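Okay, run36.cif now, which holds mmCIF, C-alpha atoms (C1' of nucleotides):
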data_start
#
loop_
_atom_site.group_PDB
_atom_site.id
_atom_site.type_symbol
_atom_site.label_atom_id
_atom_site.label_comp_id
_atom_site.auth_asym_id
_atom_site.auth_seq_id
_atom_site.Cartn_x
_atom_site.Cartn_y
_atom_site.Cartn_z
ATOM 1 C CA MET A 172 1.989 29.914 -9.566
ATOM 2 C CA THR A 173 -0.451 27.358 -10.877
ATOM 3 C CA ILE A 174 -0.620 23.807 -9.621
ATOM 4 C CA THR A 175 0.910 22.527 -12.856
ATOM 5 C CA GLU A 176 3.886 24.834 -12.555
ATOM 6 C CA VAL A 177 4.460 23.790 -8.963
ATOM 7 C CA SER A 178 4.086 20.148 -9.884
ATOM 8 C CA ARG A 179 6.788 20.515 -12.508
ATOM 9 C CA LYS A 180 9.020 22.498 -10.192
ATOM 10 C CA TYR A 181 9.053 19.786 -7.539
ATOM 11 C CA GLY A 182 8.473 16.697 -9.628
ATOM 12 C CA VAL A 183 5.084 15.680 -8.259
ATOM 13 C CA THR A 184 1.756 15.325 -9.989
ATOM 14 C CA PRO A 185 -0.996 17.910 -9.522
ATOM 15 C CA ASP A 186 -3.056 15.078 -8.070
ATOM 16 C CA THR A 187 -0.496 14.557 -5.368
ATOM 17 C CA LEU A 188 -0.384 18.268 -4.570
ATOM 18 C CA ARG A 189 -4.170 18.353 -4.157
ATOM 19 C CA TYR A 190 -3.979 15.204 -2.082
ATOM 20 C CA TYR A 191 -1.341 16.727 0.194
ATOM 21 C CA GLU A 192 -3.469 19.766 0.760
ATOM 22 C CA ARG A 193 -6.618 17.737 1.293
ATOM 23 C CA ILE A 194 -5.089 15.644 4.046
ATOM 24 C CA GLY A 195 -3.412 18.635 5.670
ATOM 25 C CA LEU A 196 0.155 17.772 4.781
ATOM 26 C CA ILE A 197 0.451 21.345 3.602
ATOM 27 C CA PRO A 198 -1.691 24.260 4.790
ATOM 28 C CA PRO A 199 -4.425 25.575 2.484
ATOM 29 C CA VAL A 200 -3.007 27.167 -0.645
ATOM 30 C CA PRO A 201 -4.218 30.678 -1.581
ATOM 31 C CA ARG A 202 -6.816 30.798 -4.349
ATOM 32 C CA THR A 203 -7.724 33.192 -7.109
ATOM 33 C CA LYS A 204 -11.186 34.753 -7.283
ATOM 34 C CA GLY A 205 -12.290 31.788 -9.343
ATOM 35 C CA GLY A 206 -11.144 29.267 -6.767
ATOM 36 C CA VAL A 207 -8.005 28.196 -8.619
ATOM 37 C CA ARG A 208 -4.924 27.469 -6.521
ATOM 38 C CA ASP A 209 -2.291 30.188 -6.744
ATOM 39 C CA TYR A 210 0.840 28.984 -4.930
ATOM 40 C CA ASP A 211 2.917 31.677 -3.266
ATOM 41 C CA ALA A 212 6.459 31.325 -1.904
ATOM 42 C CA GLU A 213 5.184 30.030 1.429
ATOM 43 C CA SER A 214 3.075 27.304 -0.112
ATOM 44 C CA CYS A 215 5.977 26.343 -2.347
ATOM 45 C CA GLY A 216 8.144 26.167 0.749
ATOM 46 C CA TRP A 217 5.737 23.707 2.336
ATOM 47 C CA VAL A 218 5.632 21.597 -0.786
ATOM 48 C CA GLU A 219 9.395 21.535 -0.965
ATOM 49 C CA LEU A 220 9.725 20.661 2.706
ATOM 50 C CA MET A 221 7.226 17.860 2.456
ATOM 51 C CA ARG A 222 8.823 16.393 -0.640
ATOM 52 C CA CYS A 223 12.128 16.424 1.183
ATOM 53 C CA MET A 224 10.713 14.723 4.267
ATOM 54 C CA ARG A 225 8.676 12.211 2.305
ATOM 55 C CA SER A 226 11.650 11.254 0.160
ATOM 56 C CA ALA A 227 13.445 10.386 3.399
ATOM 57 C CA GLY A 228 10.537 8.146 4.308
ATOM 58 C CA VAL A 229 9.057 10.299 7.061
ATOM 59 C CA GLN A 230 5.523 9.166 7.805
ATOM 60 C CA ILE A 231 2.749 11.399 6.517
ATOM 61 C CA GLU A 232 0.992 11.130 9.893
ATOM 62 C CA ALA A 233 3.862 12.884 11.693
ATOM 63 C CA LEU A 234 4.080 15.591 9.066
ATOM 64 C CA ILE A 235 0.360 16.301 9.266
ATOM 65 C CA LYS A 236 0.707 16.630 13.012
ATOM 66 C CA TYR A 237 3.567 19.064 12.527
ATOM 67 C CA VAL A 238 1.546 21.226 10.167
ATOM 68 C CA GLU A 239 -1.396 21.205 12.566
ATOM 69 C CA LEU A 240 0.809 22.400 15.395
ATOM 70 C CA PHE A 241 2.455 25.013 13.221
ATOM 71 C CA ARG A 242 -0.932 26.420 12.379
ATOM 72 C CA GLN A 243 -1.870 26.593 16.040
ATOM 73 C CA GLY A 244 0.861 29.113 16.715
ATOM 74 C CA GLU A 245 3.834 29.691 18.932
ATOM 75 C CA GLU A 246 2.754 27.750 21.998
ATOM 76 C CA THR A 247 3.253 24.526 20.050
ATOM 77 C CA ILE A 248 6.924 25.078 19.370
ATOM 78 C CA GLU A 249 8.106 22.517 21.887
ATOM 79 C CA ALA A 250 5.740 19.900 20.538
ATOM 80 C CA ARG A 251 6.899 20.589 17.010
ATOM 81 C CA LYS A 252 10.494 20.289 18.006
ATOM 82 C CA ALA A 253 9.700 16.966 19.653
ATOM 83 C CA ILE A 254 8.269 15.694 16.380
ATOM 84 C CA LEU A 255 11.361 16.790 14.504
ATOM 85 C CA LEU A 256 13.665 15.109 17.005
ATOM 86 C CA ASP A 257 11.621 11.941 16.840
ATOM 87 C CA GLN A 258 11.685 11.891 13.062
ATOM 88 C CA ARG A 259 15.399 12.563 13.021
ATOM 89 C CA ASP A 260 15.993 9.582 15.257
ATOM 90 C CA GLN A 261 13.938 7.421 12.957
ATOM 91 C CA ILE A 262 15.870 8.555 9.905
ATOM 92 C CA VAL A 263 19.179 7.942 11.643
ATOM 93 C CA GLU A 264 18.010 4.490 12.650
ATOM 94 C CA ARG A 265 16.891 3.652 9.139
ATOM 95 C CA MET A 266 20.131 4.899 7.662
ATOM 96 C CA ALA A 267 22.073 2.674 10.040
ATOM 97 C CA GLU A 268 19.967 -0.284 8.907
ATOM 98 C CA MET A 269 20.607 0.597 5.301
ATOM 99 C CA GLN A 270 24.305 0.835 5.974
ATOM 100 C CA ARG A 271 24.264 -2.694 7.366
ATOM 101 C CA SER A 272 22.433 -3.952 4.300
ATOM 102 C CA LEU A 273 24.830 -2.053 2.093
ATOM 103 C CA ASP A 274 27.813 -3.691 3.771
ATOM 104 C CA ARG A 275 26.235 -7.083 3.284
ATOM 105 C CA LEU A 276 25.460 -6.320 -0.325
ATOM 106 C CA ASN A 277 29.013 -5.174 -0.934
ATOM 107 C CA ALA A 278 30.325 -8.375 0.592
ATOM 108 C CA LYS A 279 28.118 -10.418 -1.714
ATOM 109 C CA ILE A 280 29.196 -8.403 -4.724
ATOM 110 C CA GLU A 281 32.803 -8.913 -3.689
ATOM 111 C CA GLY A 282 32.067 -12.616 -3.570
ATOM 112 C CA TYR A 283 30.663 -12.543 -7.078
ATOM 113 C CA GLU A 284 33.600 -10.529 -8.346
ATOM 114 C CA GLN A 285 36.377 -12.818 -7.283
ATOM 115 C CA GLY A 286 35.209 -16.341 -7.261
ATOM 116 C CA LEU A 287 32.165 -16.490 -9.470
ATOM 117 C CA LEU A 288 31.564 -20.216 -10.186
ATOM 118 C CA LYS A 289 33.901 -21.272 -7.454
ATOM 119 C CA LYS A 290 32.226 -18.950 -5.011
ATOM 120 C CA GLU A 291 28.823 -20.257 -5.961
ATOM 121 C CA ARG A 292 29.724 -23.776 -4.929
ATOM 122 C CA GLN A 293 31.222 -22.395 -1.779
ATOM 123 C CA LEU A 294 28.071 -20.470 -1.029
ATOM 124 C CA ARG A 295 25.991 -23.559 -1.489
ATOM 125 C CA ARG A 296 28.374 -25.557 0.646
ATOM 126 C CA GLU A 297 28.344 -22.981 3.383
ATOM 127 C CA GLN A 298 24.556 -22.922 3.312
ATOM 128 C CA LYS A 299 24.739 -19.193 3.127
ATOM 129 C CA PRO A 300 22.971 -18.018 0.048
ATOM 130 C CA MET B 183 13.145 -25.612 12.904
ATOM 131 C CA THR B 184 9.453 -24.827 12.810
ATOM 132 C CA ILE B 185 8.019 -21.741 11.227
ATOM 133 C CA THR B 186 7.236 -20.278 14.633
ATOM 134 C CA GLU B 187 10.815 -20.699 15.804
ATOM 135 C CA VAL B 188 12.139 -19.069 12.660
ATOM 136 C CA SER B 189 9.627 -16.270 12.961
ATOM 137 C CA ARG B 190 10.841 -15.536 16.478
ATOM 138 C CA LYS B 191 14.482 -15.803 15.462
ATOM 139 C CA TYR B 192 14.160 -13.143 12.785
ATOM 140 C CA GLY B 193 11.316 -11.074 14.109
ATOM 141 C CA VAL B 194 8.768 -11.751 11.389
ATOM 142 C CA THR B 195 5.364 -13.350 11.588
ATOM 143 C CA PRO B 196 4.784 -16.884 10.344
ATOM 144 C CA ASP B 197 2.312 -15.374 7.896
ATOM 145 C CA THR B 198 5.061 -13.281 6.402
ATOM 146 C CA LEU B 199 7.359 -16.280 6.117
ATOM 147 C CA ARG B 200 4.674 -18.241 4.274
ATOM 148 C CA TYR B 201 4.013 -15.205 2.116
ATOM 149 C CA TYR B 202 7.697 -14.876 1.249
ATOM 150 C CA GLU B 203 7.853 -18.488 0.207
ATOM 151 C CA ARG B 204 4.623 -18.289 -1.755
ATOM 152 C CA ILE B 205 5.806 -15.383 -3.877
ATOM 153 C CA GLY B 206 9.266 -16.874 -4.365
ATOM 154 C CA LEU B 207 11.197 -14.414 -2.244
ATOM 155 C CA ILE B 208 12.789 -17.447 -0.656
ATOM 156 C CA PRO B 209 13.112 -20.894 -2.279
ATOM 157 C CA PRO B 210 10.791 -23.682 -1.118
ATOM 158 C CA VAL B 211 11.450 -24.711 2.466
ATOM 159 C CA PRO B 212 11.927 -28.422 3.228
ATOM 160 C CA ARG B 213 8.897 -30.173 4.707
ATOM 161 C CA THR B 214 8.340 -33.026 7.113
ATOM 162 C CA LYS B 215 6.410 -36.128 6.042
ATOM 163 C CA GLY B 216 3.264 -34.415 7.181
ATOM 164 C CA GLY B 217 3.891 -31.352 5.018
ATOM 165 C CA VAL B 218 5.006 -29.087 7.844
ATOM 166 C CA ARG B 219 7.814 -26.645 7.091
ATOM 167 C CA ASP B 220 11.122 -27.658 8.625
ATOM 168 C CA TYR B 221 13.613 -24.831 8.097
ATOM 169 C CA ASP B 222 17.240 -25.850 7.709
ATOM 170 C CA ALA B 223 20.290 -23.571 7.843
ATOM 171 C CA GLU B 224 19.983 -22.718 4.162
ATOM 172 C CA SER B 225 16.361 -21.658 4.427
ATOM 173 C CA CYS B 226 17.194 -19.630 7.509
ATOM 174 C CA GLY B 227 19.988 -17.998 5.535
ATOM 175 C CA TRP B 228 17.529 -16.936 2.875
ATOM 176 C CA VAL B 229 15.134 -15.581 5.443
ATOM 177 C CA GLU B 230 17.897 -13.624 7.097
ATOM 178 C CA LEU B 231 19.146 -12.258 3.791
ATOM 179 C CA MET B 232 15.709 -11.174 2.716
ATOM 180 C CA ARG B 233 14.928 -9.497 6.017
ATOM 181 C CA CYS B 234 18.174 -7.604 5.687
ATOM 182 C CA MET B 235 17.461 -6.508 2.105
ATOM 183 C CA ARG B 236 13.838 -5.646 2.827
ATOM 184 C CA SER B 237 14.772 -3.578 5.837
ATOM 185 C CA ALA B 238 16.968 -1.529 3.516
ATOM 186 C CA GLY B 239 13.957 -1.000 1.287
ATOM 187 C CA VAL B 240 15.056 -3.241 -1.585
ATOM 188 C CA GLN B 241 12.091 -3.978 -3.802
ATOM 189 C CA ILE B 242 10.610 -7.448 -3.520
ATOM 190 C CA GLU B 243 10.481 -7.704 -7.316
ATOM 191 C CA ALA B 244 14.271 -7.522 -7.587
ATOM 192 C CA LEU B 245 14.770 -10.041 -4.814
ATOM 193 C CA ILE B 246 12.371 -12.514 -6.408
ATOM 194 C CA LYS B 247 14.292 -12.167 -9.640
ATOM 195 C CA TYR B 248 17.519 -12.837 -7.786
ATOM 196 C CA VAL B 249 16.159 -16.002 -6.201
ATOM 197 C CA GLU B 250 14.860 -17.178 -9.569
ATOM 198 C CA LEU B 251 18.274 -16.741 -11.128
ATOM 199 C CA PHE B 252 19.998 -18.395 -8.204
ATOM 200 C CA ARG B 253 17.804 -21.418 -8.622
ATOM 201 C CA GLN B 254 18.643 -21.597 -12.321
ATOM 202 C CA GLY B 255 22.277 -22.269 -11.541
ATOM 203 C CA GLU B 256 25.717 -20.980 -12.312
ATOM 204 C CA GLU B 257 25.128 -19.516 -15.738
ATOM 205 C CA THR B 258 23.082 -16.758 -14.137
ATOM 206 C CA ILE B 259 25.887 -15.426 -11.988
ATOM 207 C CA GLU B 260 26.478 -12.350 -14.113
ATOM 208 C CA ALA B 261 22.791 -11.483 -14.105
ATOM 209 C CA ARG B 262 22.615 -11.897 -10.364
ATOM 210 C CA LYS B 263 25.619 -9.701 -9.863
ATOM 211 C CA ALA B 264 23.957 -7.076 -12.043
ATOM 212 C CA ILE B 265 20.914 -7.120 -9.781
ATOM 213 C CA LEU B 266 23.071 -6.698 -6.707
ATOM 214 C CA LEU B 267 24.955 -3.785 -8.263
ATOM 215 C CA ASP B 268 21.721 -2.158 -9.293
ATOM 216 C CA GLN B 269 20.228 -2.533 -5.837
ATOM 217 C CA ARG B 270 23.379 -1.222 -4.244
ATOM 218 C CA ASP B 271 23.181 1.898 -6.376
ATOM 219 C CA GLN B 272 19.595 2.402 -5.336
ATOM 220 C CA ILE B 273 20.429 2.070 -1.661
ATOM 221 C CA VAL B 274 23.315 4.508 -1.999
ATOM 222 C CA GLU B 275 21.048 6.946 -3.790
ATOM 223 C CA ARG B 276 18.359 6.669 -1.142
ATOM 224 C CA MET B 277 20.859 7.100 1.636
ATOM 225 C CA ALA B 278 22.121 10.261 0.000
ATOM 226 C CA GLU B 279 18.542 11.539 -0.173
ATOM 227 C CA MET B 280 18.034 10.709 3.476
ATOM 228 C CA GLN B 281 21.225 12.492 4.368
ATOM 229 C CA ARG B 282 19.936 15.626 2.658
ATOM 230 C CA SER B 283 16.682 15.395 4.593
ATOM 231 C CA LEU B 284 18.589 14.766 7.765
ATOM 232 C CA ASP B 285 20.680 17.881 7.227
ATOM 233 C CA ARG B 286 17.546 19.897 6.658
ATOM 234 C CA LEU B 287 15.897 18.426 9.712
ATOM 235 C CA ASN B 288 18.945 19.228 11.810
ATOM 236 C CA ALA B 289 18.928 22.778 10.564
ATOM 237 C CA LYS B 290 15.273 23.125 11.528
ATOM 238 C CA ILE B 291 15.933 21.638 14.949
ATOM 239 C CA GLU B 292 18.821 24.027 15.378
ATOM 240 C CA GLY B 293 16.433 26.823 14.551
ATOM 241 C CA TYR B 294 13.983 25.644 17.164
ATOM 242 C CA GLU B 295 16.734 25.291 19.735
ATOM 243 C CA GLN B 296 18.114 28.799 19.586
ATOM 244 C CA GLY B 297 15.438 31.192 18.683
ATOM 245 C CA LEU B 298 12.167 29.493 19.415
ATOM 246 C CA LEU B 299 9.522 32.240 19.350
ATOM 247 C CA LYS B 300 11.855 34.668 17.668
ATOM 248 C CA LYS B 301 12.764 32.087 15.078
ATOM 249 C CA GLU B 302 9.120 31.321 14.446
ATOM 250 C CA ARG B 303 8.406 34.864 13.428
ATOM 251 C CA GLN B 304 11.503 34.854 11.325
ATOM 252 C CA LEU B 305 10.414 31.671 9.615
ATOM 253 C CA ARG B 306 7.047 33.164 8.838
ATOM 254 C CA ARG B 307 8.707 36.318 7.586
ATOM 255 C CA GLU B 308 11.134 34.407 5.418
ATOM 256 C CA GLN B 309 8.242 32.425 3.974
ATOM 257 C CA LYS B 310 10.200 29.297 4.650
ATOM 258 C CA PRO B 311 8.158 27.060 6.909
ATOM 259 C "C1'" DC C 132 -22.079 33.425 -27.691
ATOM 260 C "C1'" DC C 133 -19.526 29.168 -27.935
ATOM 261 C "C1'" DT C 134 -15.634 26.329 -27.586
ATOM 262 C "C1'" DT C 135 -11.453 24.965 -25.458
ATOM 263 C "C1'" DG C 136 -8.639 23.694 -21.902
ATOM 264 C "C1'" DA C 137 -6.838 23.987 -17.465
ATOM 265 C "C1'" DC C 138 -8.579 24.064 -13.364
ATOM 266 C "C1'" DT C 139 -12.099 22.386 -9.413
ATOM 267 C "C1'" DT C 140 -14.275 18.563 -6.053
ATOM 268 C "C1'" DC C 141 -15.530 14.096 -4.537
ATOM 269 C "C1'" DG C 142 -15.236 9.500 -4.523
ATOM 270 C "C1'" DA C 143 -13.528 5.380 -6.147
ATOM 271 C "C1'" DG C 144 -9.583 2.558 -7.620
ATOM 272 C "C1'" DC C 145 -4.841 0.829 -7.475
ATOM 273 C "C1'" DC C 146 -0.381 -1.097 -5.957
ATOM 274 C "C1'" DC C 147 2.543 -2.895 -2.523
ATOM 275 C "C1'" DA C 148 3.536 -5.599 1.242
ATOM 276 C "C1'" DC C 149 1.742 -7.749 4.232
ATOM 277 C "C1'" DT C 150 -2.122 -9.738 7.507
ATOM 278 C "C1'" DC C 151 -6.034 -12.256 8.612
ATOM 279 C "C1'" DC C 152 -9.554 -15.791 8.222
ATOM 280 C "C1'" DA C 153 -12.038 -20.152 7.285
ATOM 281 C "C1'" DG C 154 -11.714 -24.614 6.914
ATOM 282 C "C1'" DG C 155 -8.778 -28.615 6.979
ATOM 283 C "C1'" DT C 156 -4.829 -31.970 8.642
ATOM 284 C "C1'" DG C 157 -0.980 -34.299 11.503
ATOM 285 C "C1'" DG C 158 0.789 -35.838 15.577
ATOM 286 C "C1'" DT C 159 0.909 -36.160 20.489
ATOM 287 C "C1'" DA C 160 -1.342 -36.397 25.399
ATOM 288 C "C1'" DG C 161 -4.820 -38.193 28.238
ATOM 289 C "C1'" DC D 115 -10.694 -42.702 20.637
ATOM 290 C "C1'" DT D 116 -10.902 -38.011 21.385
ATOM 291 C "C1'" DA D 117 -9.181 -33.548 22.158
ATOM 292 C "C1'" DC D 118 -6.054 -30.284 21.263
ATOM 293 C "C1'" DC D 119 -2.806 -27.462 19.143
ATOM 294 C "C1'" DA D 120 0.251 -26.005 15.852
ATOM 295 C "C1'" DC D 121 0.535 -26.325 11.460
ATOM 296 C "C1'" DC D 122 -1.396 -26.207 6.450
ATOM 297 C "C1'" DT D 123 -3.786 -23.732 2.041
ATOM 298 C "C1'" DG D 124 -6.329 -20.429 -0.714
ATOM 299 C "C1'" DG D 125 -8.265 -16.390 -0.782
ATOM 300 C "C1'" DA D 126 -9.956 -12.145 1.041
ATOM 301 C "C1'" DG D 127 -8.958 -7.882 3.722
ATOM 302 C "C1'" DT D 128 -5.976 -3.891 5.316
ATOM 303 C "C1'" DG D 129 -3.267 0.426 5.435
ATOM 304 C "C1'" DG D 130 -0.346 3.711 3.345
ATOM 305 C "C1'" DG D 131 0.246 6.659 -0.307
ATOM 306 C "C1'" DC D 132 -1.012 8.010 -4.020
ATOM 307 C "C1'" DT D 133 -3.789 8.014 -8.827
ATOM 308 C "C1'" DC D 134 -7.705 8.238 -11.691
ATOM 309 C "C1'" DG D 135 -12.409 9.318 -13.463
ATOM 310 C "C1'" DA D 136 -16.653 11.853 -13.725
ATOM 311 C "C1'" DA D 137 -18.839 15.914 -13.716
ATOM 312 C "C1'" DG D 138 -18.710 20.718 -13.061
ATOM 313 C "C1'" DT D 139 -16.612 25.799 -13.450
ATOM 314 C "C1'" DC D 140 -13.961 29.720 -15.042
ATOM 315 C "C1'" DA D 141 -11.357 32.721 -18.380
ATOM 316 C "C1'" DA D 142 -9.484 33.517 -22.800
ATOM 317 C "C1'" DG D 143 -9.771 33.154 -27.925
ATOM 318 C "C1'" DG D 144 -12.476 32.877 -32.247
#
Please re-express this file's structure in structure tokens.
Amino acid sequence: MTITEVSRKYGVTPDTLRYYERIGLIPPVPRTKGGVRDYDAESCGWVELMRCMRSAGVQIEALIKYVELFRQGEETIEARKAILLDQRDQIVERMAEMQRSLDRLNAKIEGYEQGLLKKERQLRREQKP
Amino acid sequence: MTITEVSRKYGVTPDTLRYYERIGLIPPVPRTKGGVRDYDAESCGWVELMRCMRSAGVQIEALIKYVELFRQGEETIEARKAILLDQRDQIVERMAEMQRSLDRLNAKIEGYEQGLLKKERQLRREQKP
DNA sequence: CCTTGACTTCGAGCCCACTCCAGGTGGTAG
DNA sequence: CTACCACCTGGAGTGGGCTCGAAGTCAAGG
């Protein structure tokens, strides 16, 4: 699979795929004789995984660390697991934060729905924009 | 309330508070004779709201727009509501994405928990890092 | 053979959201 | 009166995560 095909498959630019590889977010991709990237299933798997993690806001730093450990072999399994647990906690925490904001947003929308002008004055009066 | 007090209250730096005001993320804060910011309940409310929205990842652009409309008065209520609805959708969408990543992460952790070495080989064999 | 076009690398550039700095001012304490 | 400290402004700098441009290379088609 060429870089363009992979980029289309996962909705990222070829530039981003090269960038990911350069910084070690995914392990080196196999190449053809001529030096052109030729993504196999494993490389695609890494790309997919990293897109998934990145879309959840996982820091690139942690993911690079994970890849490094993975490449070092089996004795790093505990360390890798620790990274995953840590990242999971962070995602859970962020989702909880988002839920709070969502609740607040819904309350505001509710306010706009029934009240409108009236509510606006009330909001101003209550000093709670 | 001084900027330092407010910054402590909401866990942001004074620099960030000045930045927020400068870009219009919060309306102008009242000043003392000498030109020093003197936050009242309303200003604090804005700060609190914006911290809440920002921590959910709401784009600053949208929030600035909201503040602009708010300052224009009651005829902008529909437009403001539209912004809130739009932002809510985006938060919901991002939370769904995070949930997917979380599920995946949990599955990987599960794999590491029961299997460890064995699982590693399996992962390599399955070409699904 | 020559052109075309998709690939390559390396380095620089960009956007967002802050964050920091230099230089200046107000008000209070000694 | 002077010193001090927390505040002020405008503008430059930073870090994360891409994104772009220049210049070069390979393989297929004419």
Can you report as JSON the centre and edge lengths in Å, to one decimal, of an axis-aligned box around the listed atoms of range 138-157 of chain C padded with 8 Å on each side?
{"center_x": -6.0, "center_y": -5.1, "center_z": -0.9, "size_x": 35.1, "size_y": 74.4, "size_z": 40.9}
**Request:** Can you turn the PyMOL selection byres ((chain A) within 7 of (chain B)) into a concrete residue list for this file, as JSON, numbers by chain?
**Result:** {"A": [212, 213, 216, 217, 223, 224, 226, 227, 245, 248, 252, 255, 259, 266, 268, 269, 272, 273, 276, 280, 283, 287, 288, 298, 299, 300]}
For chain B against chain D, with a cut-off of 9 Å and counting all atoms listed in the file, what is the closest atom pair and its distance in Å to one decimal for every residue that makes the cut, ordered by chain and number, as JSON lines?
{"residue": "B:Ile185", "atom": "CA", "partner": "D:DC121", "partner_atom": "C1'", "distance": 8.8}
{"residue": "B:Gly217", "atom": "CA", "partner": "D:DC122", "partner_atom": "C1'", "distance": 7.5}
{"residue": "B:Val218", "atom": "CA", "partner": "D:DC121", "partner_atom": "C1'", "distance": 6.4}
{"residue": "B:Arg219", "atom": "CA", "partner": "D:DC121", "partner_atom": "C1'", "distance": 8.5}
Resulting file, chosen residues, C-alpha atoms, as an mmCIF file, keeping the file's coordinate frame:
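What landed in result-v4.cif:
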data_model
loop_
_atom_site.group_PDB
_atom_site.id
_atom_site.type_symbol
_atom_site.label_atom_id
_atom_site.label_comp_id
_atom_site.auth_asym_id
_atom_site.auth_seq_id
_atom_site.Cartn_x
_atom_site.Cartn_y
_atom_site.Cartn_z
ATOM 1 C CA ILE B 185 8.019 -21.741 11.227
ATOM 2 C CA GLY B 217 3.891 -31.352 5.018
ATOM 3 C CA VAL B 218 5.006 -29.087 7.844
ATOM 4 C CA ARG B 219 7.814 -26.645 7.091
#
Please report, as CSV, each residue of chain B lying at most 9 Å from chain C, together with the nearest pair of atoms and the separation in Å rounded to one decimal; use all atoms listed in the file, and order rows by chain and ascending residue number.
residue,atom,partner,partner_atom,distance
B:Asp197,CA,C:DT150,C1',7.2
B:Thr198,CA,C:DC149,C1',6.8
B:Tyr201,CA,C:DC149,C1',8.1
B:Gly216,CA,C:DG157,C1',6.1
B:Gly217,CA,C:DG157,C1',8.6
B:Val218,CA,C:DG157,C1',8.7
B:Ile242,CA,C:DA148,C1',8.7
**Message:** Could you tell me how far CA of Asp268 in chain B sits from CA of Glu243 in chain B, in Å to one decimal place?
**Reply:**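 Answer for the CA of Glu243 in chain B to CA of Asp268 in chain B separation: 12.7 Å.
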**Request:** Starting from the shown file, work through the PyMOL selection byres ((chain B and resi 187) around 12) and note down what comes out as a list in words.
**Result:**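 Output of the PyMOL selection byres ((chain B and resi 187) around 12): Met183, Thr184, Ile185, Thr186, Val188, Ser189, Arg190, Lys191, Tyr192, Gly193, Val194, Thr195, Pro196, Leu199, Arg219, Asp220, Tyr221, Asp222 and Cys226 of chain B; DA120 of chain D.
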**Between CA of Gln261 in chain A and CA of Ile246 in chain B - distance in Å to one decimal** =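 Distance reported for this atom pair: 27.8 Å.
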**Request:** Would you mind reading off the distance between CA of Ala261 in chain B and CA of Arg204 in chain B, one decimal, in Å?
**Result:** 23.0 Å
**Prompt:** Taking all atoms listed in the file into account, which of A:Gln285, A:Glu264, A:Arg202, A:Ile197 comes nearest Tyr237 in chain A?
**Reply:**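 Going through A:Gln285, A:Glu264, A:Arg202, A:Ile197 one by one, the smallest distance to Tyr237 in chain A is for A:Ile197.
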Reconstruct range 252-265 of chain A at the level of N, CA and C atoms, and format the result as a PDB file, in the frame of the given file.
ATOM      1  N   LYS A 252       9.092  20.694  17.902  1.00  0.00           N
ATOM      2  CA  LYS A 252      10.494  20.289  18.006  1.00  0.00           C
ATOM      3  C   LYS A 252      10.596  18.807  18.363  1.00  0.00           C
ATOM      4  N   ALA A 253       9.700  18.373  19.253  1.00  0.00           N
ATOM      5  CA  ALA A 253       9.700  16.966  19.653  1.00  0.00           C
ATOM      6  C   ALA A 253       9.463  16.060  18.445  1.00  0.00           C
ATOM      7  N   ILE A 254       8.538  16.478  17.586  1.00  0.00           N
ATOM      8  CA  ILE A 254       8.269  15.694  16.380  1.00  0.00           C
ATOM      9  C   ILE A 254       9.519  15.615  15.517  1.00  0.00           C
ATOM     10  N   LEU A 255      10.165  16.765  15.349  1.00  0.00           N
ATOM     11  CA  LEU A 255      11.361  16.790  14.504  1.00  0.00           C
ATOM     12  C   LEU A 255      12.451  15.879  15.063  1.00  0.00           C
ATOM     13  N   LEU A 256      12.638  15.946  16.372  1.00  0.00           N
ATOM     14  CA  LEU A 256      13.665  15.109  17.005  1.00  0.00           C
ATOM     15  C   LEU A 256      13.343  13.628  16.798  1.00  0.00           C
ATOM     16  N   ASP A 257      12.072  13.315  16.996  1.00  0.00           N
ATOM     17  CA  ASP A 257      11.621  11.941  16.840  1.00  0.00           C
ATOM     18  C   ASP A 257      11.867  11.445  15.418  1.00  0.00           C
ATOM     19  N   GLN A 258      11.500  12.285  14.457  1.00  0.00           N
ATOM     20  CA  GLN A 258      11.685  11.891  13.062  1.00  0.00           C
ATOM     21  C   GLN A 258      13.160  11.765  12.714  1.00  0.00           C
ATOM     22  N   ARG A 259      13.955  12.660  13.281  1.00  0.00           N
ATOM     23  CA  ARG A 259      15.399  12.563  13.021  1.00  0.00           C
ATOM     24  C   ARG A 259      15.944  11.227  13.515  1.00  0.00           C
ATOM     25  N   ASP A 260      15.537  10.860  14.719  1.00  0.00           N
ATOM     26  CA  ASP A 260      15.993   9.582  15.257  1.00  0.00           C
ATOM     27  C   ASP A 260      15.611   8.435  14.328  1.00  0.00           C
ATOM     28  N   GLN A 261      14.390   8.498  13.831  1.00  0.00           N
ATOM     29  CA  GLN A 261      13.938   7.421  12.957  1.00  0.00           C
ATOM     30  C   GLN A 261      14.754   7.360  11.676  1.00  0.00           C
ATOM     31  N   ILE A 262      15.061   8.533  11.125  1.00  0.00           N
ATOM     32  CA  ILE A 262      15.870   8.555   9.905  1.00  0.00           C
ATOM     33  C   ILE A 262      17.261   7.992  10.181  1.00  0.00           C
ATOM     34  N   VAL A 263      17.843   8.427  11.288  1.00  0.00           N
ATOM     35  CA  VAL A 263      19.179   7.942  11.643  1.00  0.00           C
ATOM     36  C   VAL A 263      19.166   6.421  11.785  1.00  0.00           C
ATOM     37  N   GLU A 264      18.140   5.931  12.462  1.00  0.00           N
ATOM     38  CA  GLU A 264      18.010   4.490  12.650  1.00  0.00           C
ATOM     39  C   GLU A 264      17.903   3.762  11.313  1.00  0.00           C
ATOM     40  N   ARG A 265      17.069   4.305  10.436  1.00  0.00           N
ATOM     41  CA  ARG A 265      16.891   3.652   9.139  1.00  0.00           C
ATOM     42  C   ARG A 265      18.166   3.703   8.301  1.00  0.00           C
TER      43      ARG A 265
END
